[in-house]
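Trainee: Input protein_36.cif, format and content: mmCIF, C-alpha atoms and all ligand atoms.
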```cif
data_my_file
#
loop_
_atom_site.label_atom_id
_atom_site.label_comp_id
_atom_site.auth_asym_id
_atom_site.auth_seq_id
_atom_site.Cartn_x
_atom_site.Cartn_y
_atom_site.Cartn_z
CA MET O 934 79.90 23.31 223.70
CA SER O 935 82.40 25.90 222.67
CA HIS O 936 81.72 27.40 219.26
CA SER O 937 84.20 28.67 216.72
CA PHE O 938 84.78 32.41 216.43
CA GLN O 939 82.60 32.63 213.33
CA THR O 940 79.63 31.04 215.09
CA LYS O 941 80.19 33.02 218.29
CA LEU O 942 79.68 36.24 216.33
CA LEU O 943 76.03 35.25 215.88
CA HIS O 944 75.14 32.78 218.58
CA ASN O 945 75.94 34.43 221.86
CA LYS O 946 74.16 35.73 224.94
CA HIS O 947 72.62 38.56 222.91
CA LYS O 948 71.21 36.45 220.10
CA VAL O 949 67.62 37.00 221.29
CA ASP O 950 66.15 39.55 223.66
CA PRO O 951 64.92 37.54 226.68
CA VAL O 952 61.83 39.76 227.13
CA THR O 953 60.47 39.89 223.57
CA GLY O 954 62.45 37.31 221.62
CA ALA O 955 63.67 40.06 219.27
CA VAL O 956 66.67 38.84 217.24
CA SER O 957 68.28 42.27 217.23
CA VAL O 958 69.52 43.92 220.44
CA PRO O 959 66.96 46.58 221.48
CA ILE O 960 68.23 50.17 221.60
CA GLN O 961 67.60 51.53 225.08
CA HIS O 962 67.54 55.32 225.01
CA ALA O 963 66.72 55.95 228.67
CA SER O 964 69.25 58.12 230.47
CA THR O 965 67.80 57.26 233.88
CA PHE O 966 66.08 54.26 235.39
CA HIS O 967 63.30 54.12 237.97
CA GLN O 968 64.36 52.58 241.28
CA PHE O 969 61.72 50.38 242.87
CA ASP O 970 63.27 50.31 246.31
CA VAL O 971 64.85 53.12 248.36
CA ASP O 972 67.53 50.85 249.76
CA HIS O 973 68.22 48.50 246.87
CA PHE O 974 68.84 50.05 243.47
CA GLY O 975 68.53 48.01 240.28
CA LYS O 976 71.36 47.08 237.96
CA TYR O 977 70.90 50.29 235.97
CA ASP O 978 70.64 53.75 237.44
CA TYR O 979 72.15 56.30 235.05
CA GLY O 980 73.04 55.94 231.36
CA ARG O 981 76.66 56.99 231.67
CA SER O 982 77.37 54.34 234.27
CA ALA O 983 75.62 51.50 232.46
CA ASN O 984 73.17 50.99 229.61
CA PRO O 985 71.84 47.64 228.38
CA THR O 986 72.55 48.30 224.68
CA ARG O 987 76.11 49.43 225.35
CA GLU O 988 76.50 46.54 227.75
CA ALA O 989 75.54 44.05 225.01
CA LEU O 990 78.41 45.40 222.89
CA GLU O 991 80.82 45.44 225.86
CA ASP O 992 79.92 41.86 226.65
CA THR O 993 80.29 40.77 223.04
CA ILE O 994 83.75 42.27 222.56
CA ALA O 995 84.96 40.87 225.92
CA ASN O 996 83.81 37.45 224.78
CA LEU O 997 85.47 37.74 221.36
CA GLU O 998 88.79 38.97 222.79
CA GLU O 999 88.60 36.37 225.58
CA GLY O 1000 88.91 38.96 228.34
CA SER O 1001 87.04 39.58 231.57
CA ARG O 1002 85.22 42.82 230.70
CA GLY O 1003 84.72 45.12 227.75
CA PHE O 1004 84.16 48.89 227.60
CA ALA O 1005 82.70 50.97 224.81
CA PHE O 1006 83.83 54.55 224.18
CA SER O 1007 82.84 57.37 221.88
CA SER O 1008 85.92 56.83 219.67
CA GLY O 1009 89.10 54.80 219.46
CA MET O 1010 90.98 57.81 220.87
CA ALA O 1011 88.51 58.03 223.77
CA ALA O 1012 89.26 54.38 224.59
CA ILE O 1013 93.02 54.90 224.29
CA SER O 1014 93.01 58.17 226.24
CA THR O 1015 90.89 56.69 229.02
CA ALA O 1016 93.29 53.75 229.23
CA PHE O 1017 96.19 56.20 229.62
CA LEU O 1018 94.36 57.67 232.64
CA LEU O 1019 95.43 54.49 234.43
CA LEU O 1020 98.83 56.23 234.64
CA SER O 1021 99.79 58.80 237.25
CA GLN O 1022 102.15 61.75 237.35
CA GLY O 1023 105.76 60.53 237.25
CA ASP O 1024 104.95 57.30 235.38
CA HIS O 1025 106.67 56.38 232.13
CA VAL O 1026 105.24 54.71 229.03
CA LEU O 1027 107.20 52.86 226.35
CA ILE O 1028 105.40 53.03 223.03
CA SER O 1029 105.72 51.73 219.45
CA GLU O 1030 107.44 54.42 217.36
CA ASP O 1031 105.16 54.16 214.34
CA VAL O 1032 102.02 54.23 216.42
CA TYR O 1033 98.73 55.75 215.16
CA GLY O 1034 99.18 59.52 214.76
CA GLY O 1035 96.43 60.39 217.25
CA THR O 1036 98.02 58.19 219.91
CA TYR O 1037 101.37 59.85 219.21
CA ARG O 1038 99.74 63.25 219.71
CA MET O 1039 97.96 62.21 222.93
CA VAL O 1040 101.17 60.91 224.48
CA SER O 1041 103.56 63.60 223.30
CA GLU O 1042 101.34 66.68 223.63
CA VAL O 1043 98.74 65.89 226.29
CA LEU O 1044 100.04 63.28 228.75
CA SER O 1045 103.39 65.06 228.87
CA ARG O 1046 101.62 68.12 230.36
CA TYR O 1047 100.46 65.91 233.24
CA GLY O 1048 103.99 64.74 234.05
CA ILE O 1049 103.78 61.38 232.30
CA GLN O 1050 107.03 60.53 230.54
CA TYR O 1051 107.27 58.61 227.29
CA THR O 1052 109.80 56.97 225.01
CA PHE O 1053 109.02 55.91 221.45
CA VAL O 1054 110.86 52.71 220.55
CA ASP O 1055 111.05 50.21 217.76
CA MET O 1056 108.99 47.54 219.57
CA THR O 1057 110.08 44.90 217.07
CA ASP O 1058 113.59 45.07 218.56
CA LEU O 1059 113.33 43.49 222.01
CA GLU O 1060 116.85 44.46 223.08
CA ASN O 1061 116.01 48.03 222.27
CA VAL O 1062 112.80 47.76 224.28
CA LYS O 1063 114.69 46.32 227.26
CA ALA O 1064 117.28 49.08 227.08
CA SER O 1065 114.57 51.74 227.10
CA ILE O 1066 112.89 50.56 230.30
CA LEU O 1067 113.09 53.03 233.17
CA PRO O 1068 112.46 52.41 236.87
CA ASN O 1069 109.09 54.19 236.48
CA THR O 1070 107.94 52.37 233.30
CA LYS O 1071 104.32 51.35 233.89
CA VAL O 1072 103.00 50.59 230.40
CA LEU O 1073 104.42 48.97 227.27
CA TYR O 1074 102.13 50.12 224.46
CA VAL O 1075 102.11 47.99 221.32
CA GLU O 1076 100.51 48.42 217.93
CA THR O 1077 101.01 45.37 215.74
CA PRO O 1078 101.10 45.32 212.80
CA SER O 1079 102.08 48.94 213.10
CA ASN O 1080 100.74 51.85 211.13
CA PRO O 1081 101.58 52.45 208.30
CA LEU O 1082 104.69 50.25 207.87
CA LEU O 1083 103.09 47.05 209.19
CA LYS O 1084 105.99 46.17 211.47
CA VAL O 1085 105.29 43.12 213.60
CA THR O 1086 105.91 43.10 217.35
CA ASP O 1087 106.15 39.91 219.38
CA ILE O 1088 103.21 40.42 221.77
CA GLU O 1089 104.08 37.46 223.97
CA ALA O 1090 107.70 38.54 224.43
CA VAL O 1091 106.76 42.16 225.18
CA ALA O 1092 104.07 41.06 227.65
CA LYS O 1093 106.57 38.81 229.41
CA LEU O 1094 109.04 41.66 229.67
CA ALA O 1095 106.34 44.00 230.99
CA LYS O 1096 105.28 41.46 233.57
CA SER O 1097 108.88 41.05 234.78
CA ILE O 1098 109.00 44.76 235.68
CA GLY O 1099 105.44 44.98 236.99
CA ALA O 1100 104.18 47.00 234.02
CA TRP O 1101 101.02 46.53 231.94
CA THR O 1102 100.96 45.66 228.23
CA PHE O 1103 98.41 47.53 226.13
CA VAL O 1104 97.82 46.37 222.55
CA ASP O 1105 96.00 48.34 219.89
CA ASN O 1106 94.36 45.50 217.93
CA THR O 1107 92.53 47.70 215.41
CA PHE O 1108 94.33 46.36 212.32
CA LEU O 1109 93.62 42.66 212.93
CA THR O 1110 90.60 42.42 215.26
CA PRO O 1111 89.99 39.29 217.37
CA ALA O 1112 89.06 37.48 214.16
CA LEU O 1113 92.80 37.30 213.43
CA GLN O 1114 94.70 38.09 216.62
CA LYS O 1115 93.88 37.82 220.34
CA PRO O 1116 96.49 39.74 222.35
CA LEU O 1117 95.00 38.82 225.75
CA THR O 1118 95.65 35.14 225.08
CA LEU O 1119 99.29 36.09 224.38
CA GLY O 1120 99.69 37.76 227.77
CA ALA O 1121 98.61 41.36 227.12
CA ASP O 1122 96.63 43.10 229.88
CA LEU O 1123 94.47 45.43 227.83
CA VAL O 1124 93.29 45.40 224.21
CA LEU O 1125 92.24 48.65 222.56
CA HIS O 1126 90.27 49.20 219.38
CA SER O 1127 89.15 51.84 217.05
CA ALA O 1128 85.82 50.11 216.36
CA THR O 1129 85.40 52.75 213.64
CA LYS O 1130 87.47 50.43 211.45
CA PHE O 1131 87.04 46.67 210.81
CA LEU O 1132 84.81 45.91 213.81
CA SER O 1133 81.95 48.06 212.55
CA GLY O 1134 83.26 47.86 208.99
CA HIS O 1135 80.97 50.17 207.01
CA SER O 1136 82.50 53.66 207.43
CA ASP O 1137 79.37 54.81 209.22
CA VAL O 1138 80.22 55.01 212.92
CA VAL O 1139 83.01 56.36 215.14
CA ALA O 1140 83.56 54.14 218.19
CA GLY O 1141 86.21 52.72 220.51
CA LEU O 1142 86.46 49.55 222.58
CA ALA O 1143 88.69 48.23 225.33
CA VAL O 1144 88.91 44.79 226.90
CA ALA O 1145 90.78 44.01 230.12
CA ARG O 1146 92.17 40.57 230.80
CA ASP O 1147 91.67 40.47 234.55
CA GLU O 1148 88.99 41.73 236.90
CA GLU O 1149 91.29 44.05 238.81
CA LEU O 1150 92.30 46.09 235.76
CA ALA O 1151 88.69 45.92 234.52
CA GLY O 1152 87.56 47.48 237.79
CA LYS O 1153 90.00 50.38 237.41
CA LEU O 1154 88.96 50.95 233.79
CA SER O 1155 85.28 50.80 234.68
CA PHE O 1156 85.86 53.51 237.29
CA LEU O 1157 87.69 55.65 234.68
CA GLN O 1158 85.04 55.09 231.99
CA ASN O 1159 82.39 56.39 234.38
CA SER O 1160 84.60 59.21 235.75
CA PHE O 1161 85.85 60.53 232.42
CA GLY O 1162 82.53 59.77 230.74
CA ALA O 1163 83.54 59.31 227.09
CA ILE O 1164 80.98 56.54 226.59
CA LEU O 1165 79.57 55.28 223.31
CA GLY O 1166 76.02 56.34 222.46
CA VAL O 1167 73.37 53.65 222.11
CA GLN O 1168 72.68 54.05 218.38
CA ASP O 1169 76.38 53.73 217.68
CA ALA O 1170 76.69 50.73 220.01
CA TRP O 1171 73.95 49.07 217.96
CA LEU O 1172 75.74 49.85 214.68
CA VAL O 1173 78.95 48.24 215.97
CA LEU O 1174 76.96 45.18 217.12
CA ARG O 1175 75.47 44.87 213.66
CA GLY O 1176 78.84 45.25 211.97
CA LEU O 1177 80.36 42.58 214.20
CA LYS O 1178 77.97 39.93 212.88
CA THR O 1179 79.76 39.93 209.52
CA LEU O 1180 83.29 40.47 210.87
CA HIS O 1181 84.51 36.99 210.04
CA VAL O 1182 83.37 36.91 206.41
CA ARG O 1183 84.49 40.48 205.79
CA MET O 1184 87.98 39.81 207.18
CA GLU O 1185 88.33 36.55 205.32
CA GLN O 1186 87.44 38.10 201.97
CA SER O 1187 89.52 41.25 202.46
CA VAL O 1188 92.59 39.32 203.63
CA LYS O 1189 92.38 37.04 200.59
CA SER O 1190 92.31 40.03 198.24
CA ALA O 1191 94.98 41.93 200.20
CA SER O 1192 97.48 39.09 199.86
CA LYS O 1193 96.90 38.87 196.11
CA ILE O 1194 97.22 42.63 195.71
CA ALA O 1195 100.39 42.70 197.83
CA ALA O 1196 101.95 39.98 195.66
CA TYR O 1197 100.94 41.84 192.49
CA LEU O 1198 102.38 45.16 193.72
CA GLU O 1199 105.60 43.52 194.92
CA LYS O 1200 106.32 42.17 191.44
CA HIS O 1201 105.54 45.48 189.77
CA PRO O 1202 108.55 47.40 188.39
CA LEU O 1203 106.91 50.75 189.14
CA VAL O 1204 106.44 49.99 192.84
CA LYS O 1205 109.51 50.58 194.96
CA LYS O 1206 108.52 48.64 198.03
CA VAL O 1207 105.52 46.85 199.51
CA TYR O 1208 104.90 46.53 203.23
CA TYR O 1209 102.65 43.58 204.05
CA PRO O 1210 103.40 41.01 206.75
CA GLY O 1211 101.97 38.24 204.57
CA LEU O 1212 104.85 38.56 202.09
CA VAL O 1213 107.81 36.28 202.77
CA SER O 1214 110.04 39.25 201.99
CA HIS O 1215 108.58 41.02 205.06
CA LYS O 1216 110.82 40.78 208.11
CA GLY O 1217 107.90 40.02 210.42
CA CYS O 1218 106.21 37.38 208.23
CA GLY O 1219 107.12 34.36 210.36
CA LEU O 1220 106.19 36.01 213.64
CA GLN O 1221 102.95 37.35 212.15
CA HIS O 1222 101.83 33.85 211.25
CA ARG O 1223 102.82 32.47 214.65
CA GLN O 1224 100.84 35.01 216.67
CA ALA O 1225 97.97 35.79 214.29
CA LYS O 1226 95.75 33.87 211.89
CA SER O 1227 96.79 35.92 208.89
CA ALA O 1228 98.44 39.17 207.85
CA GLY O 1229 95.28 41.28 207.73
CA ALA O 1230 93.79 43.49 205.04
CA VAL O 1231 96.02 46.56 205.22
CA LEU O 1232 99.20 47.09 203.23
CA SER O 1233 101.39 50.01 202.31
CA PHE O 1234 103.48 50.65 199.25
CA GLU O 1235 106.03 53.11 198.11
CA LEU O 1236 106.05 54.68 194.66
CA GLU O 1237 108.99 56.25 192.85
CA ASN O 1238 108.43 59.75 194.23
CA GLU O 1239 105.76 62.18 195.34
CA GLU O 1240 104.90 63.11 191.76
CA ALA O 1241 104.21 59.45 190.90
CA LEU O 1242 102.06 59.23 194.02
CA ARG O 1243 100.01 62.26 192.98
CA THR O 1244 99.46 60.79 189.52
CA PHE O 1245 98.53 57.40 190.98
CA VAL O 1246 95.99 58.91 193.39
CA SER O 1247 94.34 61.00 190.70
CA SER O 1248 94.21 58.00 188.33
CA VAL O 1249 92.71 55.23 190.50
CA GLU O 1250 88.94 54.91 190.32
CA ILE O 1251 87.80 52.20 192.74
CA PRO O 1252 89.17 52.95 196.22
CA VAL O 1253 88.04 56.04 198.03
CA PHE O 1254 90.95 58.34 198.80
CA ALA O 1255 90.38 59.05 202.44
CA VAL O 1256 91.56 58.68 206.01
CA SER O 1257 90.45 55.58 207.92
CA LEU O 1258 90.53 51.90 207.04
CA GLY O 1259 88.72 48.65 207.66
CA ALA O 1260 85.61 49.18 205.57
CA VAL O 1261 83.57 47.35 202.95
CA GLU O 1262 84.97 49.77 200.35
CA SER O 1263 88.72 49.85 199.76
CA ILE O 1264 90.35 52.94 201.20
CA LEU O 1265 93.54 54.44 199.86
CA SER O 1266 95.24 56.89 202.16
CA TYR O 1267 98.27 59.10 202.29
CA PRO O 1268 99.85 58.66 205.76
CA ALA O 1269 102.12 61.70 205.48
CA LYS O 1270 99.11 64.00 205.09
CA MET O 1271 96.42 61.92 206.81
CA SER O 1272 96.93 59.43 209.70
CA HIS O 1273 100.40 60.79 210.48
CA ALA O 1274 99.86 64.47 209.78
CA ALA O 1275 100.06 65.05 213.55
CA MET O 1276 103.67 63.83 213.44
CA PRO O 1277 106.34 66.41 212.57
CA GLU O 1278 108.02 65.77 209.19
CA ALA O 1279 111.40 64.99 210.76
CA GLU O 1280 109.80 62.35 213.03
CA ARG O 1281 107.98 60.87 210.04
CA ALA O 1282 111.16 60.67 207.99
CA LYS O 1283 112.95 58.90 210.86
CA ARG O 1284 110.22 56.27 210.84
CA GLY O 1285 110.30 55.76 207.08
CA ILE O 1286 106.91 57.38 206.46
CA SER O 1287 107.91 59.13 203.26
CA ASN O 1288 105.97 61.43 200.94
CA SER O 1289 105.70 58.65 198.35
CA LEU O 1290 104.08 56.09 200.65
CA LEU O 1291 100.43 55.06 200.27
CA ARG O 1292 98.39 52.82 202.55
CA LEU O 1293 95.65 50.59 201.22
CA SER O 1294 92.87 49.01 203.25
CA VAL O 1295 91.33 46.34 201.08
CA GLY O 1296 87.54 46.14 201.03
CA LEU O 1297 85.11 43.70 199.48
CA GLU O 1298 85.41 44.59 195.79
CA ASP O 1299 86.46 41.95 193.25
CA GLU O 1300 90.24 41.75 193.59
CA GLN O 1301 90.80 41.56 189.83
CA ASP O 1302 88.86 44.82 189.41
CA LEU O 1303 91.15 46.41 191.99
CA ILE O 1304 94.29 45.05 190.31
CA HIS O 1305 93.16 46.33 186.90
CA ASP O 1306 92.46 49.72 188.42
CA PHE O 1307 95.91 49.85 190.05
CA GLU O 1308 97.59 48.71 186.84
CA LYS O 1309 96.00 51.58 184.93
CA ALA O 1310 97.04 54.07 187.60
CA LEU O 1311 100.59 52.70 187.73
CA GLN O 1312 100.87 53.01 183.97
CA ALA O 1313 99.85 56.63 184.29
CA THR O 1314 102.78 57.13 186.67
CA SER O 1315 105.07 55.48 184.11
CA VAL O 1316 104.14 58.15 181.58
CA VAL O 1317 105.29 60.73 184.11
CA LYS O 1318 108.45 58.72 184.65
CA ALA O 1319 108.99 58.33 180.88
CA ASN O 1320 109.16 62.07 180.58
CA VAL O 1321 112.09 61.88 182.94
CA ASN O 1322 114.06 58.89 181.66
CA GLY O 1323 112.70 58.37 178.17
CA ARG O 1324 111.09 54.98 178.66
CA VAL O 1325 107.49 53.84 178.95
CA TYR O 1326 106.44 50.84 180.99
CA HIS O 1327 103.72 48.89 179.20
CA GLY O 1328 102.20 47.08 182.11
CA ASN O 1329 101.84 43.52 183.21
CA LEU O 1330 98.50 42.14 184.24
CA GLY O 1331 99.68 38.53 184.47
C1 LIG Z 1401 91.75 55.03 213.72
C2 LIG Z 1401 92.70 54.46 214.71
C3 LIG Z 1401 92.71 54.88 216.04
C4 LIG Z 1401 91.81 56.01 216.53
O1 LIG Z 1401 90.47 55.64 216.52
P1 LIG Z 1401 89.25 56.69 216.32
O2 LIG Z 1401 88.07 55.81 216.31
O3 LIG Z 1401 89.50 57.40 215.03
O4 LIG Z 1401 89.31 57.63 217.46
C5 LIG Z 1401 93.58 54.27 216.90
N1 LIG Z 1401 94.42 53.29 216.50
C6 LIG Z 1401 94.45 52.86 215.22
C7 LIG Z 1401 95.39 51.79 214.84
C8 LIG Z 1401 93.59 53.43 214.29
O5 LIG Z 1401 93.64 53.01 213.02
#
```
Written as structure tokens, that's how I'd like the structure from this file.
Mentor:
Amino acid sequence: MSHSFQTKLLHNKHKVDPVTGAVSVPIQHASTFHQFDVDHFGKYDYGRSANPTREALEDTIANLEEGSRGFAFSSGMAAISTAFLLLSQGDHVLISEDVYGGTYRMVSEVLSRYGIQYTFVDMTDLENVKASILPNTKVLYVETPSNPLLKVTDIEAVAKLAKSIGAWTFVDNTFLTPALQKPLTLGADLVLHSATKFLSGHSDVVAGLAVARDEELAGKLSFLQNSFGAILGVQDAWLVLRGLKTLHVRMEQSVKSASKIAAYLEKHPLVKKVYYPGLVSHKGCGLQHRQAKSAGAVLSFELENEEALRTFVSSVEIPVFAVSLGAVESILSYPAKMSHAAMPEAERAKRGISNSLLRLSVGLEDEQDLIHDFEKALQATSVVKANVNGRVYHGNLG
């Protein structure tokens, strides 16, 4: 019988330990394993190459993303960087222009030193993507919805295009997780995750995951994981496994609140623009709902100017003001100075990541509490604004 995603999170191969019956995956600390036979080694020999606790997590994520094999790394960037080691000198990668800042830095400042070429493109514009393909293009790298403007890329169309030129499609699925979007089922070759975010969900572990669709690519990535060695430690693997058990309910609740908050902000006269693919005003709304279950729990919004932003940030009480996203607590962040600080200001401006843009990752608080908190903070910005144009906005909680 095939279970739904929600049930699979709990009832899978690792539900009980076959030796003891323990209902929590045992943490295996051993770095080396005794071999009982000189000629025939057991499944495990050395902790970098394979470890049963890490393997339980790798198995679980492969199952959830519907791929052939999963790999756990010490961070999202370790997963992404190891995946880029699939490329060789002289290869070219086409990559979403508003990609995560750390990925931007890896491609533009590290891979470039090894003779790997890159082009940042607006992946939502397929003609543009086609026109940017070079004879040596080996990877089309997609982040959808993108960060922080939540632009939606057609995964199936990009994967088809990649396939037609013999290139791989990599998708960073951090923002949606397999609870909402499964890129491998849409034709992607490799899914990447910062498991630091929604997958673990409690702001208490840094981890990365990758899942390959076919065995051949999985074999190459397995070789690289062992060669480069940026594996996830066993305690952290256990924390991600624990977080995964509640992924479905956390996503469901956060998405519900995020869509209400997005609608509230969009109607607000003191908010210039809201970026959330669940809003019908969002260009990618239709596509988002075709390729994913919902629009996710992250949204961005633009205030009048940087001064209004500063007032807003110092006035809100509930969300933490911090980098990162995808946690039980709502996280408000400032892309220009946080996730995208690695991007030069001119590049940021080109991508629409202004100094008055905030990103919100919605957690599990009561959504009305969040809306009241935002209303108070927005009113504080209106006082600032009133000093400029002689008018005070009195708020609207309806
Ligand atoms: C955080 C993040 C990463 C990097 O992951 P780390 O775990 O911080 O190394 C990559 N992609 C996206 C979309 C992210 O949000």
Trainee: Pull the closest atom pair for each residue of stretch 1149-1191 of chain O that gets at most 10 Å from stretch 1255-1268 of chain O, along with the distance in Å to one decimal, counting only C-alpha atoms, ordering rows by chain and then ascending residue number, as a tab-separated table.
Mentor:
```
residue	atom	partner	partner_atom	distance
O:Arg1183	CA	O:Val1261	CA	7.5
O:Met1184	CA	O:Gly1259	CA	8.9
O:Ser1187	CA	O:Val1261	CA	8.5
```
Trainee: Produce a file of the selected residues containing C-alpha atoms, as a PDB file, in the coordinates of the input.
Mentor:
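What follows is the written file selection-v2.pdb:
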```pdb
ATOM      1  CA  ARG O1183      84.490  40.480 205.790  1.00  0.00           C
ATOM      2  CA  MET O1184      87.980  39.810 207.180  1.00  0.00           C
ATOM      3  CA  SER O1187      89.520  41.250 202.460  1.00  0.00           C
TER       4      SER O1187
END
```
Trainee: Check the smallest atom-to-atom distance from each of O:Val1026, O:Ala1274, O:Leu1198, O:Val1213 to O:Ala1228 using all atoms listed in the file, then report the winner.
Mentor: O:Val1213
Trainee: Which neighbours of stretch 1055-1057 of chain O fall inside 6 Å, counting only C-alpha atoms, when residues of the same chain fewer than 4 positions from it are skipped, and could you give them as an MDAnalysis selection string?
Mentor: chainID O and resid 1029:1030 1086
Trainee: Ligand LIG 1401 (chain Z): which residues are within 10 Å, counting all atoms listed in the file? Reply as a PDB file with C-alpha atoms, in the frame of the given file.
Mentor:
```pdb
ATOM      1  CA  PHE O1006      83.830  54.550 224.180  1.00  0.00           C
ATOM      2  CA  SER O1007      82.840  57.370 221.880  1.00  0.00           C
ATOM      3  CA  SER O1008      85.920  56.830 219.670  1.00  0.00           C
ATOM      4  CA  GLY O1009      89.100  54.800 219.460  1.00  0.00           C
ATOM      5  CA  MET O1010      90.980  57.810 220.870  1.00  0.00           C
ATOM      6  CA  ALA O1011      88.510  58.030 223.770  1.00  0.00           C
ATOM      7  CA  ALA O1012      89.260  54.380 224.590  1.00  0.00           C
ATOM      8  CA  ILE O1013      93.020  54.900 224.290  1.00  0.00           C
ATOM      9  CA  SER O1014      93.010  58.170 226.240  1.00  0.00           C
ATOM     10  CA  VAL O1032     102.020  54.230 216.420  1.00  0.00           C
ATOM     11  CA  TYR O1033      98.730  55.750 215.160  1.00  0.00           C
ATOM     12  CA  GLY O1034      99.180  59.520 214.760  1.00  0.00           C
ATOM     13  CA  GLY O1035      96.430  60.390 217.250  1.00  0.00           C
ATOM     14  CA  THR O1036      98.020  58.190 219.910  1.00  0.00           C
ATOM     15  CA  TYR O1037     101.370  59.850 219.210  1.00  0.00           C
ATOM     16  CA  GLU O1076     100.510  48.420 217.930  1.00  0.00           C
ATOM     17  CA  THR O1077     101.010  45.370 215.740  1.00  0.00           C
ATOM     18  CA  PRO O1078     101.100  45.320 212.800  1.00  0.00           C
ATOM     19  CA  SER O1079     102.080  48.940 213.100  1.00  0.00           C
ATOM     20  CA  ASN O1080     100.740  51.850 211.130  1.00  0.00           C
ATOM     21  CA  PRO O1081     101.580  52.450 208.300  1.00  0.00           C
ATOM     22  CA  VAL O1104      97.820  46.370 222.550  1.00  0.00           C
ATOM     23  CA  ASP O1105      96.000  48.340 219.890  1.00  0.00           C
ATOM     24  CA  ASN O1106      94.360  45.500 217.930  1.00  0.00           C
ATOM     25  CA  THR O1107      92.530  47.700 215.410  1.00  0.00           C
ATOM     26  CA  PHE O1108      94.330  46.360 212.320  1.00  0.00           C
ATOM     27  CA  LEU O1109      93.620  42.660 212.930  1.00  0.00           C
ATOM     28  CA  LEU O1125      92.240  48.650 222.560  1.00  0.00           C
ATOM     29  CA  HIS O1126      90.270  49.200 219.380  1.00  0.00           C
ATOM     30  CA  SER O1127      89.150  51.840 217.050  1.00  0.00           C
ATOM     31  CA  ALA O1128      85.820  50.110 216.360  1.00  0.00           C
ATOM     32  CA  THR O1129      85.400  52.750 213.640  1.00  0.00           C
ATOM     33  CA  LYS O1130      87.470  50.430 211.450  1.00  0.00           C
ATOM     34  CA  PHE O1131      87.040  46.670 210.810  1.00  0.00           C
ATOM     35  CA  VAL O1138      80.220  55.010 212.920  1.00  0.00           C
ATOM     36  CA  VAL O1139      83.010  56.360 215.140  1.00  0.00           C
ATOM     37  CA  ALA O1140      83.560  54.140 218.190  1.00  0.00           C
ATOM     38  CA  GLY O1141      86.210  52.720 220.510  1.00  0.00           C
ATOM     39  CA  LEU O1142      86.460  49.550 222.580  1.00  0.00           C
ATOM     40  CA  VAL O1256      91.560  58.680 206.010  1.00  0.00           C
ATOM     41  CA  SER O1257      90.450  55.580 207.920  1.00  0.00           C
ATOM     42  CA  LEU O1258      90.530  51.900 207.040  1.00  0.00           C
ATOM     43  CA  GLY O1259      88.720  48.650 207.660  1.00  0.00           C
ATOM     44  CA  SER O1272      96.930  59.430 209.700  1.00  0.00           C
TER      45      SER O1272
END
```
Trainee: O:Arg1223, O:Ser1248, O:Glu1185, O:Ala1269: which is nearest O:Arg1284, counting only C-alpha atoms?
Mentor: O:Ala1269
Trainee: Using all atoms listed in the file, pick whichever of O:Lys1115, O:His962, O:Arg1002, O:Arg981 has the shortest atom-to-atom distance to O:Ala1225.
Mentor: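 Under the stated criterion, the closest residue is O:Lys1115.
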Trainee: Check the smallest atom-to-atom distance from each of O:Glu1298, O:Asp1024, O:Asp992, O:Glu1042 to O:Ser1190 using only C-alpha atoms, then report the winner.
Mentor: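 Nearest to O:Ser1190: O:Glu1298.
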